[in-house]
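Coordinates from structure.cif are shown below (mmCIF, C-alpha atoms).
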data_query
loop_
_atom_site.label_atom_id
_atom_site.label_comp_id
_atom_site.auth_asym_id
_atom_site.auth_seq_id
_atom_site.Cartn_x
_atom_site.Cartn_y
_atom_site.Cartn_z
CA MET Y 1297 0.00 0.00 0.00
CA LYS Y 1298 2.89 2.32 0.81
CA LEU Y 1299 4.42 1.55 -2.59
CA TYR Y 1300 1.12 2.48 -4.25
CA HIS Y 1301 0.94 5.82 -2.40
CA ASN Y 1302 4.56 6.56 -3.28
CA PHE Y 1303 3.77 5.84 -6.92
CA VAL Y 1304 0.74 8.18 -6.88
CA ALA Y 1305 2.80 10.89 -5.20
CA ASN Y 1306 5.54 10.63 -7.87
CA LEU Y 1307 3.85 12.88 -10.45
CA LYS Y 1308 6.41 12.51 -13.25
CA LEU Y 1309 6.62 8.70 -13.08
CA ARG Y 1310 2.85 8.42 -12.72
CA ARG Y 1311 2.15 10.51 -15.80
CA TYR Y 1312 4.59 8.59 -17.95
CA VAL Y 1313 2.94 5.32 -16.89
CA VAL Y 1314 -0.48 6.74 -17.74
CA LEU Y 1315 0.83 7.94 -21.10
CA LEU Y 1316 2.20 4.45 -21.89
CA SER Y 1317 -1.14 2.91 -20.93
CA ILE Y 1318 -2.94 5.30 -23.31
CA ILE Y 1319 -0.51 4.37 -26.12
CA PHE Y 1320 -1.08 0.64 -25.54
CA LEU Y 1321 -4.86 1.16 -25.42
CA LEU Y 1322 -4.81 3.07 -28.72
CA TYR Y 1323 -2.60 0.37 -30.26
CA PHE Y 1324 -5.10 -2.37 -29.42
CA ALA Y 1325 -7.92 -0.11 -30.66
CA ARG Y 1326 -6.08 0.81 -33.88
CA SER Y 1327 -8.90 -0.66 -35.99
CA LEU Y 1328 -11.08 2.14 -34.61
CA MET Y 1329 -8.50 4.85 -35.27
CA THR Y 1330 -10.39 6.34 -38.22
CA PRO Y 1331 -13.69 7.01 -36.35
CA ILE Y 1332 -11.75 8.17 -33.28
CA LEU Y 1333 -9.73 10.75 -35.21
CA LEU Y 1334 -12.70 11.84 -37.34
CA THR Y 1335 -14.84 12.33 -34.22
CA PHE Y 1336 -12.08 14.36 -32.62
CA ILE Y 1337 -11.62 16.56 -35.71
CA PHE Y 1338 -15.37 17.12 -36.22
CA THR Y 1339 -15.87 17.93 -32.53
CA TYR Y 1340 -12.90 20.27 -32.36
CA LEU Y 1341 -14.04 22.22 -35.42
CA ALA Y 1342 -17.64 22.36 -34.18
CA ILE Y 1343 -16.72 23.65 -30.71
CA HIS Y 1344 -14.35 26.19 -32.23
CA PHE Y 1345 -17.11 27.37 -34.59
CA VAL Y 1346 -19.58 27.71 -31.68
CA GLN Y 1347 -17.09 29.77 -29.69
CA LEU Y 1348 -16.46 32.00 -32.70
CA VAL Y 1349 -20.17 32.64 -33.27
CA GLN Y 1350 -20.76 33.34 -29.57
CA ARG Y 1351 -18.12 36.05 -29.65
CA LEU Y 1352 -20.14 37.80 -32.35
CA ILE Y 1353 -23.71 36.95 -31.33
CA LYS Y 1354 -25.03 36.15 -27.86
CA ILE Y 1355 -27.03 33.01 -28.55
CA LYS Y 1356 -27.41 29.65 -26.82
CA PRO Y 1357 -24.88 27.06 -28.03
CA ILE Y 1358 -27.57 24.47 -28.79
CA PHE Y 1359 -29.08 26.64 -31.52
CA ILE Y 1360 -25.65 27.18 -33.11
CA VAL Y 1361 -24.88 23.45 -33.00
CA VAL Y 1362 -28.21 22.43 -34.54
CA ALA Y 1363 -27.84 25.07 -37.26
CA LEU Y 1364 -24.23 24.00 -37.95
CA TYR Y 1365 -24.90 20.28 -38.27
CA GLY Y 1366 -28.20 20.81 -40.08
CA GLY Y 1367 -26.52 23.16 -42.55
CA THR Y 1368 -23.69 20.65 -43.04
CA LEU Y 1369 -26.18 17.89 -43.86
CA LEU Y 1370 -27.98 20.19 -46.30
CA LEU Y 1371 -24.74 21.12 -48.07
CA LEU Y 1372 -23.74 17.45 -48.16
CA TYR Y 1373 -27.08 16.54 -49.78
CA ILE Y 1374 -26.67 19.29 -52.39
CA ALA Y 1375 -23.11 18.15 -53.12
CA LEU Y 1376 -24.10 14.49 -53.47
CA THR Y 1377 -27.00 15.20 -55.80
CA ASN Y 1378 -25.49 17.97 -57.93
CA TYR Y 1379 -21.73 18.33 -57.75
CA ILE Y 1380 -20.37 14.86 -56.96
CA PRO Y 1381 -21.40 13.42 -60.39
CA ILE Y 1382 -19.69 16.39 -62.08
CA LEU Y 1383 -16.62 15.91 -59.92
CA PHE Y 1384 -16.41 12.20 -60.81
CA HIS Y 1385 -16.78 13.00 -64.50
CA GLN Y 1386 -14.04 15.64 -64.37
CA THR Y 1387 -11.75 13.35 -62.34
CA TRP Y 1388 -12.18 10.56 -64.87
CA HIS Y 1389 -11.41 13.00 -67.69
CA MET Y 1390 -8.31 14.15 -65.79
CA VAL Y 1391 -7.09 10.53 -65.53
CA ASP Y 1392 -7.73 10.05 -69.27
CA THR Y 1393 -5.66 13.18 -69.95
CA VAL Y 1394 -2.70 11.81 -67.99
CA ILE Y 1395 -2.97 8.44 -69.77
CA ASP Y 1396 -3.11 10.21 -73.14
CA PHE Y 1397 0.06 12.10 -72.15
CA TYR Y 1398 1.89 8.77 -71.85
CA ASP Y 1399 0.35 7.06 -74.89
CA ASN Y 1400 0.79 9.93 -77.38
CA GLN Y 1401 4.18 11.52 -76.90
CA PRO Y 1402 5.22 14.29 -79.34
CA THR Y 1403 8.23 13.54 -81.52
CA ASN Y 1404 10.04 16.71 -80.44
CA SER Y 1405 10.03 16.01 -76.70
CA ASN Y 1406 13.34 16.78 -75.03
CA GLN Y 1407 15.76 14.33 -73.46
CA PHE Y 1408 14.79 15.22 -69.89
CA LEU Y 1409 11.13 14.33 -70.46
CA ASP Y 1410 12.16 11.14 -72.26
CA TRP Y 1411 14.18 10.12 -69.19
CA ILE Y 1412 11.23 10.80 -66.89
CA LEU Y 1413 8.88 8.79 -69.10
CA GLN Y 1414 11.28 5.86 -69.27
CA TYR Y 1415 11.56 5.85 -65.48
CA VAL Y 1416 7.78 5.99 -65.00
CA GLN Y 1417 7.25 3.23 -67.55
CA ARG Y 1418 9.79 1.04 -65.76
CA SER Y 1419 7.87 1.59 -62.52
CA GLU Y 1420 4.68 0.32 -64.26
CA PHE Y 1421 2.87 3.48 -63.24
CA LEU Y 1422 0.91 3.61 -66.49
CA ASP Y 1423 -0.38 0.06 -66.05
CA GLN Y 1424 -1.50 0.91 -62.53
CA LEU Y 1425 -3.17 4.07 -63.77
CA LYS Y 1426 -4.99 2.24 -66.55
CA GLY Y 1427 -6.09 -0.33 -64.02
CA GLY Y 1428 -7.62 2.40 -61.90
CA ALA Y 1429 -11.16 1.15 -62.50
CA SER Y 1430 -10.40 -2.31 -61.14
CA PHE Y 1431 -8.42 -0.70 -58.32
CA ILE Y 1432 -11.42 1.41 -57.34
CA ILE Y 1433 -13.77 -1.57 -57.53
CA GLY Y 1434 -11.42 -3.56 -55.34
CA TYR Y 1435 -11.55 -0.86 -52.68
CA LEU Y 1436 -15.30 -0.27 -52.67
CA HIS Y 1437 -15.48 -2.25 -49.44
CA ASP Y 1438 -12.99 0.12 -47.79
CA PHE Y 1439 -14.95 3.08 -49.11
CA GLY Y 1440 -18.08 1.67 -47.49
CA LYS Y 1441 -16.24 1.33 -44.18
CA LEU Y 1442 -15.03 4.92 -44.51
CA ALA Y 1443 -18.58 6.12 -45.18
CA VAL Y 1444 -19.81 4.32 -42.05
CA SER Y 1445 -16.96 5.83 -40.02
CA LEU Y 1446 -17.81 9.31 -41.33
CA ALA Y 1447 -21.49 8.92 -40.46
CA LEU Y 1448 -20.74 7.50 -37.00
CA SER Y 1449 -18.15 10.19 -36.25
CA PHE Y 1450 -20.51 12.92 -37.41
CA LEU Y 1451 -23.26 11.58 -35.12
CA LEU Y 1452 -20.96 11.19 -32.10
CA SER Y 1453 -19.56 14.67 -32.67
CA PHE Y 1454 -23.07 16.11 -32.75
CA PHE Y 1455 -24.10 14.47 -29.45
CA PHE Y 1456 -20.85 15.52 -27.77
CA THR Y 1457 -21.13 19.14 -28.92
CA VAL Y 1458 -24.85 19.58 -28.26
CA GLU Y 1459 -24.42 18.24 -24.70
CA LEU Y 1460 -21.00 19.74 -24.06
CA LYS Y 1461 -21.85 21.13 -20.60
CA LYS Y 1462 -23.42 17.84 -19.47
CA VAL Y 1463 -20.42 15.90 -20.76
CA LYS Y 1464 -18.05 18.19 -18.86
CA ASP Y 1465 -20.05 17.98 -15.62
CA PHE Y 1466 -20.32 14.20 -15.81
CA SER Y 1467 -16.64 13.76 -16.68
CA LYS Y 1468 -15.60 15.79 -13.62
CA LEU Y 1469 -17.11 13.06 -11.42
CA PHE Y 1470 -14.23 10.77 -12.38
CA PHE Y 1471 -11.74 13.19 -10.80
CA THR Y 1472 -13.13 12.50 -7.32
CA SER Y 1473 -13.21 8.71 -7.68
CA ASP Y 1474 -10.75 6.29 -6.07
CA PHE Y 1475 -8.63 6.47 -9.22
CA GLY Y 1476 -9.08 10.19 -9.69
CA TRP Y 1477 -5.34 10.65 -10.22
CA PHE Y 1478 -5.53 8.39 -13.30
CA PHE Y 1479 -8.31 10.42 -14.93
CA GLN Y 1480 -6.62 13.69 -13.98
CA ASP Y 1481 -3.51 12.58 -15.84
CA ILE Y 1482 -5.61 11.53 -18.84
CA PHE Y 1483 -7.19 14.98 -18.78
CA TYR Y 1484 -3.72 16.56 -18.59
CA PHE Y 1485 -2.54 14.73 -21.72
CA ALA Y 1486 -5.86 15.31 -23.48
CA GLN Y 1487 -5.52 19.05 -22.94
CA LYS Y 1488 -2.00 19.04 -24.36
CA PHE Y 1489 -2.98 16.96 -27.38
CA ILE Y 1490 -6.07 19.05 -28.13
CA ASN Y 1491 -3.98 22.20 -27.87
CA THR Y 1492 -1.18 20.84 -30.09
CA PHE Y 1493 -3.47 19.24 -32.66
CA GLY Y 1494 -5.68 22.31 -32.72
CA VAL Y 1495 -2.80 24.67 -33.45
CA VAL Y 1496 -1.54 22.50 -36.31
CA LEU Y 1497 -5.01 21.71 -37.67
CA GLU Y 1498 -6.16 25.32 -37.77
CA ALA Y 1499 -2.94 26.55 -39.34
CA GLN Y 1500 -2.69 23.76 -41.92
CA PHE Y 1501 -6.38 24.04 -42.83
CA PHE Y 1502 -6.01 27.75 -43.53
CA ILE Y 1503 -2.76 27.18 -45.42
CA ALA Y 1504 -4.51 24.53 -47.55
CA ILE Y 1505 -7.29 26.98 -48.42
CA VAL Y 1506 -4.78 29.69 -49.42
CA ASN Y 1507 -2.74 27.21 -51.51
CA THR Y 1508 -5.87 25.90 -53.22
CA VAL Y 1509 -7.23 29.36 -54.07
CA ILE Y 1510 -3.90 30.54 -55.53
CA THR Y 1511 -3.43 27.30 -57.49
CA VAL Y 1512 -6.96 27.29 -58.93
CA ILE Y 1513 -6.60 30.94 -59.99
CA GLY Y 1514 -3.33 30.09 -61.73
CA LEU Y 1515 -4.87 27.04 -63.43
CA ALA Y 1516 -7.85 29.12 -64.58
CA ILE Y 1517 -5.50 31.71 -66.11
CA MET Y 1518 -3.70 28.91 -67.95
CA GLY Y 1519 -7.03 27.65 -69.32
CA PHE Y 1520 -7.13 24.37 -67.39
CA HIS Y 1521 -10.31 22.32 -67.36
CA GLN Y 1522 -11.64 20.15 -64.51
CA LEU Y 1523 -11.00 22.96 -62.01
CA PRO Y 1524 -13.30 21.59 -59.24
CA SER Y 1525 -11.57 18.20 -59.40
CA LEU Y 1526 -8.09 19.71 -59.51
CA GLY Y 1527 -8.97 22.14 -56.71
CA LEU Y 1528 -10.16 19.28 -54.50
CA MET Y 1529 -6.97 17.33 -55.22
CA VAL Y 1530 -4.75 20.33 -54.37
CA PHE Y 1531 -6.71 21.01 -51.15
CA LEU Y 1532 -6.38 17.40 -49.92
CA PHE Y 1533 -2.65 17.31 -50.71
CA SER Y 1534 -2.17 20.73 -49.06
CA LEU Y 1535 -3.37 19.24 -45.76
CA ILE Y 1536 -0.04 17.36 -45.73
CA PRO Y 1537 2.57 19.80 -44.34
CA VAL Y 1538 5.40 20.79 -46.73
CA ALA Y 1539 5.24 17.63 -48.85
CA GLY Y 1540 1.70 18.26 -50.11
CA ALA Y 1541 2.70 20.99 -52.56
CA ILE Y 1542 5.42 18.74 -54.00
CA ILE Y 1543 3.11 15.72 -54.36
CA SER Y 1544 0.40 17.73 -56.11
CA SER Y 1545 2.94 19.05 -58.63
CA ILE Y 1546 3.32 15.62 -60.28
CA PRO Y 1547 -0.18 15.20 -61.80
CA LEU Y 1548 -0.42 18.95 -62.48
CA SER Y 1549 2.85 18.85 -64.43
CA PHE Y 1550 1.64 15.96 -66.59
CA ILE Y 1551 -1.64 17.70 -67.38
CA ALA Y 1552 0.09 21.03 -68.07
CA TYR Y 1553 2.51 19.45 -70.54
CA SER Y 1554 -0.23 17.47 -72.30
CA GLN Y 1555 -2.42 20.57 -72.71
CA GLY Y 1556 0.10 23.33 -73.45
CA GLY Y 1557 3.52 21.80 -73.95
CA MET Y 1558 6.82 22.85 -72.38
CA TRP Y 1559 5.87 26.47 -71.62
CA ASP Y 1560 2.82 25.43 -69.58
CA LEU Y 1561 4.96 22.87 -67.76
CA ILE Y 1562 7.55 25.53 -66.87
CA PHE Y 1563 4.80 27.92 -65.76
CA ILE Y 1564 3.13 25.32 -63.53
CA LEU Y 1565 6.46 24.34 -61.94
CA PHE Y 1566 7.31 27.98 -61.17
CA MET Y 1567 3.81 28.53 -59.78
CA ILE Y 1568 4.09 25.50 -57.49
CA LEU Y 1569 7.59 26.59 -56.44
CA GLY Y 1570 6.22 30.03 -55.58
CA ILE Y 1571 3.34 28.50 -53.58
CA HIS Y 1572 5.79 26.22 -51.75
CA ILE Y 1573 8.01 29.20 -50.86
CA LEU Y 1574 4.93 31.13 -49.71
CA GLU Y 1575 3.85 28.23 -47.51
CA ALA Y 1576 7.30 27.49 -46.08
CA TYR Y 1577 8.52 31.03 -45.41
CA VAL Y 1578 5.37 33.15 -45.02
CA LEU Y 1579 2.27 31.12 -44.10
CA ASN Y 1580 3.88 28.53 -41.80
CA PRO Y 1581 5.83 31.06 -39.66
CA LYS Y 1582 2.82 33.40 -39.51
CA PHE Y 1583 0.04 30.95 -38.68
CA MET Y 1584 2.10 28.50 -36.67
CA SER Y 1585 3.52 31.54 -34.85
CA SER Y 1586 6.80 29.66 -34.44
CA ARG Y 1587 5.03 27.35 -31.95
CA THR Y 1588 5.20 24.16 -33.97
CA GLU Y 1589 7.66 25.20 -36.68
CA LEU Y 1590 10.07 22.38 -37.44
CA PRO Y 1591 13.07 22.13 -39.78
CA ILE Y 1592 12.12 20.68 -43.16
CA PHE Y 1593 14.41 17.68 -42.54
CA TYR Y 1594 12.50 16.79 -39.35
CA THR Y 1595 9.19 17.33 -41.12
CA PHE Y 1596 9.98 14.88 -43.92
CA VAL Y 1597 11.39 12.26 -41.53
CA ILE Y 1598 8.28 12.51 -39.35
CA LEU Y 1599 6.00 12.17 -42.38
CA LEU Y 1600 7.88 9.11 -43.65
CA VAL Y 1601 7.82 7.36 -40.26
CA ALA Y 1602 4.21 8.35 -39.50
CA GLU Y 1603 3.02 7.07 -42.91
CA ARG Y 1604 4.62 3.71 -42.17
CA LEU Y 1605 3.03 3.53 -38.72
CA PHE Y 1606 -0.43 5.00 -39.33
CA GLY Y 1607 -0.89 4.90 -43.13
CA ILE Y 1608 -2.59 7.89 -44.75
CA TRP Y 1609 -3.61 9.24 -41.36
CA GLY Y 1610 0.06 9.49 -40.43
CA LEU Y 1611 0.60 12.21 -43.04
CA ILE Y 1612 -1.99 14.36 -41.27
CA VAL Y 1613 -1.49 13.53 -37.58
CA GLY Y 1614 2.26 12.84 -37.65
CA ILE Y 1615 3.30 16.45 -37.02
CA PRO Y 1616 0.74 17.06 -34.20
CA ILE Y 1617 1.75 13.83 -32.45
CA PHE Y 1618 5.44 14.74 -32.67
CA THR Y 1619 4.86 18.26 -31.31
CA PHE Y 1620 2.67 16.74 -28.57
CA PHE Y 1621 5.60 14.63 -27.37
CA LEU Y 1622 7.88 17.67 -27.60
CA ASP Y 1623 5.48 19.48 -25.28
CA VAL Y 1624 5.11 16.53 -22.87
CA MET Y 1625 8.89 16.08 -22.61
CA LYS Y 1626 9.27 19.87 -22.25
CA VAL Y 1627 11.52 20.07 -25.31
CA LYS Y 1628 9.35 22.77 -26.92
CA LYS Y 1629 6.35 24.18 -25.09
CA ILE Y 1630 3.14 24.79 -27.05
CA PRO Y 1631 1.04 27.75 -25.81
CA HIS Y 1632 -2.52 26.94 -24.76
CA SER Y 1633 -5.28 27.31 -27.31
CA GLU Y 1634 -8.61 28.91 -26.43
CA THR Y 1635 -10.62 25.86 -27.47
#

Can you dump the structure from the file as structure tokens?
Amino acid sequence: MKLYHNFVANLKLRRYVVLLSIIFLLYFARSLMTPILLTFIFTYLAIHFVQLVQRLIKIKPIFIVVALYGGTLLLLYIALTNYIPILFHQTWHMVDTVIDFYDNQPTNSNQFLDWILQYVQRSEFLDQLKGGASFIIGYLHDFGKLAVSLALSFLLSFFFTVELKKVKDFSKLFFTSDFGWFFQDIFYFAQKFINTFGVVLEAQFFIAIVNTVITVIGLAIMGFHQLPSLGLMVFLFSLIPVAGAIISSIPLSFIAYSQGGMWDLIFILFMILGIHILEAYVLNPKFMSSRTELPIFYTFVILLVAERLFGIWGLIVGIPIFTFFLDVMKVKKIPHSET
């Protein structure tokens, strides 16, 4: 019993043990990682939106929450019935354009492009691209699971947000239980993770919007087609810190060369380079406020390791998780967020 009390009194050791227990719990629940992360993201954004509206208008949170989720469902219905078919059609046309770029090469293409094409052909990229239909069919089951996770996360987020005060009051009861120290430490780490993830999520979301707007404007000036599809692709890639702008440049370069030749390719590469410089040296320092800014070398290493550990999710949550551990180990403190 004395050993137990000494353990509880040792705050540092106790918290590290609790943190390890959380990591093991999440590891065994890794099959539920998608709905867990989606619920967290939806809830964070919803609570932040409610706080923002309440600063402008004095209104009960429940009305804001109902209006927010009801409006989201309405927009989702409009998108599914009107814009999603157009988006699929444009995406399919974009894939056909890239395939046509490989199949019908001009005779005057330069040596550099010939080298790139030979490399891509050796990697069987074209065969994989042409087999995209079978690839999509093979992953319809995963898409169904993702749709269920989205619906479940949306519902859980709604119930959490609409009963936020009740959830807080009920959760506080655990702090006075026999194992109150355990739940207090969980709350301590939850606060740090919410703060860290929130800072990165807000900044990267805004950066993605800025990157997408600038890119779509540039593509419109160049006379590109399939702008909604390309804009969606750029936005999703821009959610990946630093590497997103580089990844999105590959399909854009192919389409630019197939539509306008070498000059369009050079223009698109300079535009993407300019956007990358804007993100790395203007947007990141400004919106991260030097709180989570990492050297590019660290960023790429974290993304590579996180992708191996967590898959696609690792590209999005890798940086927040790393900065969370920096904060916990007091390597680099992250200021508290209002949410």

Exercise. Would you kindly translate the PyMOL selection byres ((chain Y and resi 1339) around 12) into the concrete residues it picks from this file, as an NGL selection string?
Key: :Y and (1331-1338 or 1340-1346 or 1361 or 1364-1365 or 1449-1460 or 1490 or 1494 or 1635)

Those selected residues, please, written with C-alpha atoms and delivered as an mmCIF file, in the coordinates of the input.
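Heads up, here's the output in selection-v2.cif:
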data_model
loop_
_atom_site.group_PDB
_atom_site.id
_atom_site.type_symbol
_atom_site.label_atom_id
_atom_site.label_comp_id
_atom_site.auth_asym_id
_atom_site.auth_seq_id
_atom_site.Cartn_x
_atom_site.Cartn_y
_atom_site.Cartn_z
ATOM 1 C CA PRO Y 1331 -13.690 7.010 -36.350
ATOM 2 C CA ILE Y 1332 -11.750 8.170 -33.280
ATOM 3 C CA LEU Y 1333 -9.730 10.750 -35.210
ATOM 4 C CA LEU Y 1334 -12.700 11.840 -37.340
ATOM 5 C CA THR Y 1335 -14.840 12.330 -34.220
ATOM 6 C CA PHE Y 1336 -12.080 14.360 -32.620
ATOM 7 C CA ILE Y 1337 -11.620 16.560 -35.710
ATOM 8 C CA PHE Y 1338 -15.370 17.120 -36.220
ATOM 9 C CA TYR Y 1340 -12.900 20.270 -32.360
ATOM 10 C CA LEU Y 1341 -14.040 22.220 -35.420
ATOM 11 C CA ALA Y 1342 -17.640 22.360 -34.180
ATOM 12 C CA ILE Y 1343 -16.720 23.650 -30.710
ATOM 13 C CA HIS Y 1344 -14.350 26.190 -32.230
ATOM 14 C CA PHE Y 1345 -17.110 27.370 -34.590
ATOM 15 C CA VAL Y 1346 -19.580 27.710 -31.680
ATOM 16 C CA VAL Y 1361 -24.880 23.450 -33.000
ATOM 17 C CA LEU Y 1364 -24.230 24.000 -37.950
ATOM 18 C CA TYR Y 1365 -24.900 20.280 -38.270
ATOM 19 C CA SER Y 1449 -18.150 10.190 -36.250
ATOM 20 C CA PHE Y 1450 -20.510 12.920 -37.410
ATOM 21 C CA LEU Y 1451 -23.260 11.580 -35.120
ATOM 22 C CA LEU Y 1452 -20.960 11.190 -32.100
ATOM 23 C CA SER Y 1453 -19.560 14.670 -32.670
ATOM 24 C CA PHE Y 1454 -23.070 16.110 -32.750
ATOM 25 C CA PHE Y 1455 -24.100 14.470 -29.450
ATOM 26 C CA PHE Y 1456 -20.850 15.520 -27.770
ATOM 27 C CA THR Y 1457 -21.130 19.140 -28.920
ATOM 28 C CA VAL Y 1458 -24.850 19.580 -28.260
ATOM 29 C CA GLU Y 1459 -24.420 18.240 -24.700
ATOM 30 C CA LEU Y 1460 -21.000 19.740 -24.060
ATOM 31 C CA ILE Y 1490 -6.070 19.050 -28.130
ATOM 32 C CA GLY Y 1494 -5.680 22.310 -32.720
ATOM 33 C CA THR Y 1635 -10.620 25.860 -27.470
#

Quiz item: So what do you get for atom CA of Y:Thr1492 versus atom CA of Y:Ile1615, distance-wise?
Solution: 9.3 Å

Self-check item: Interatomic distance (Å, one decimal) between atom CA of Y:Phe1485 and atom CA of Y:Arg1310
Solution: 12.2 Å

Practice problem: I would like the residues chosen by the PyMOL selection byres ((chain Y and resi 1518) around 10) on the shown file; could you give them as a PyMOL selection string? | Solution: chain Y and resi 1512-1517+1519-1521+1552+1555-1556+1560+1563-1564

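Here atom CA of Y:Leu1569 is placed at a distance of 23.1 Å from atom CA of Y:Leu1497.
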
Quiz item: Leaving out Y:Lys1308 and any residue of its chain fewer than 4 positions from it, which residues lie within 12 Å of it when counting all atoms listed in the file, given as a ChimeraX atom specification?
Solution: /Y:1302-1304,1312-1315,1481,1624-1626
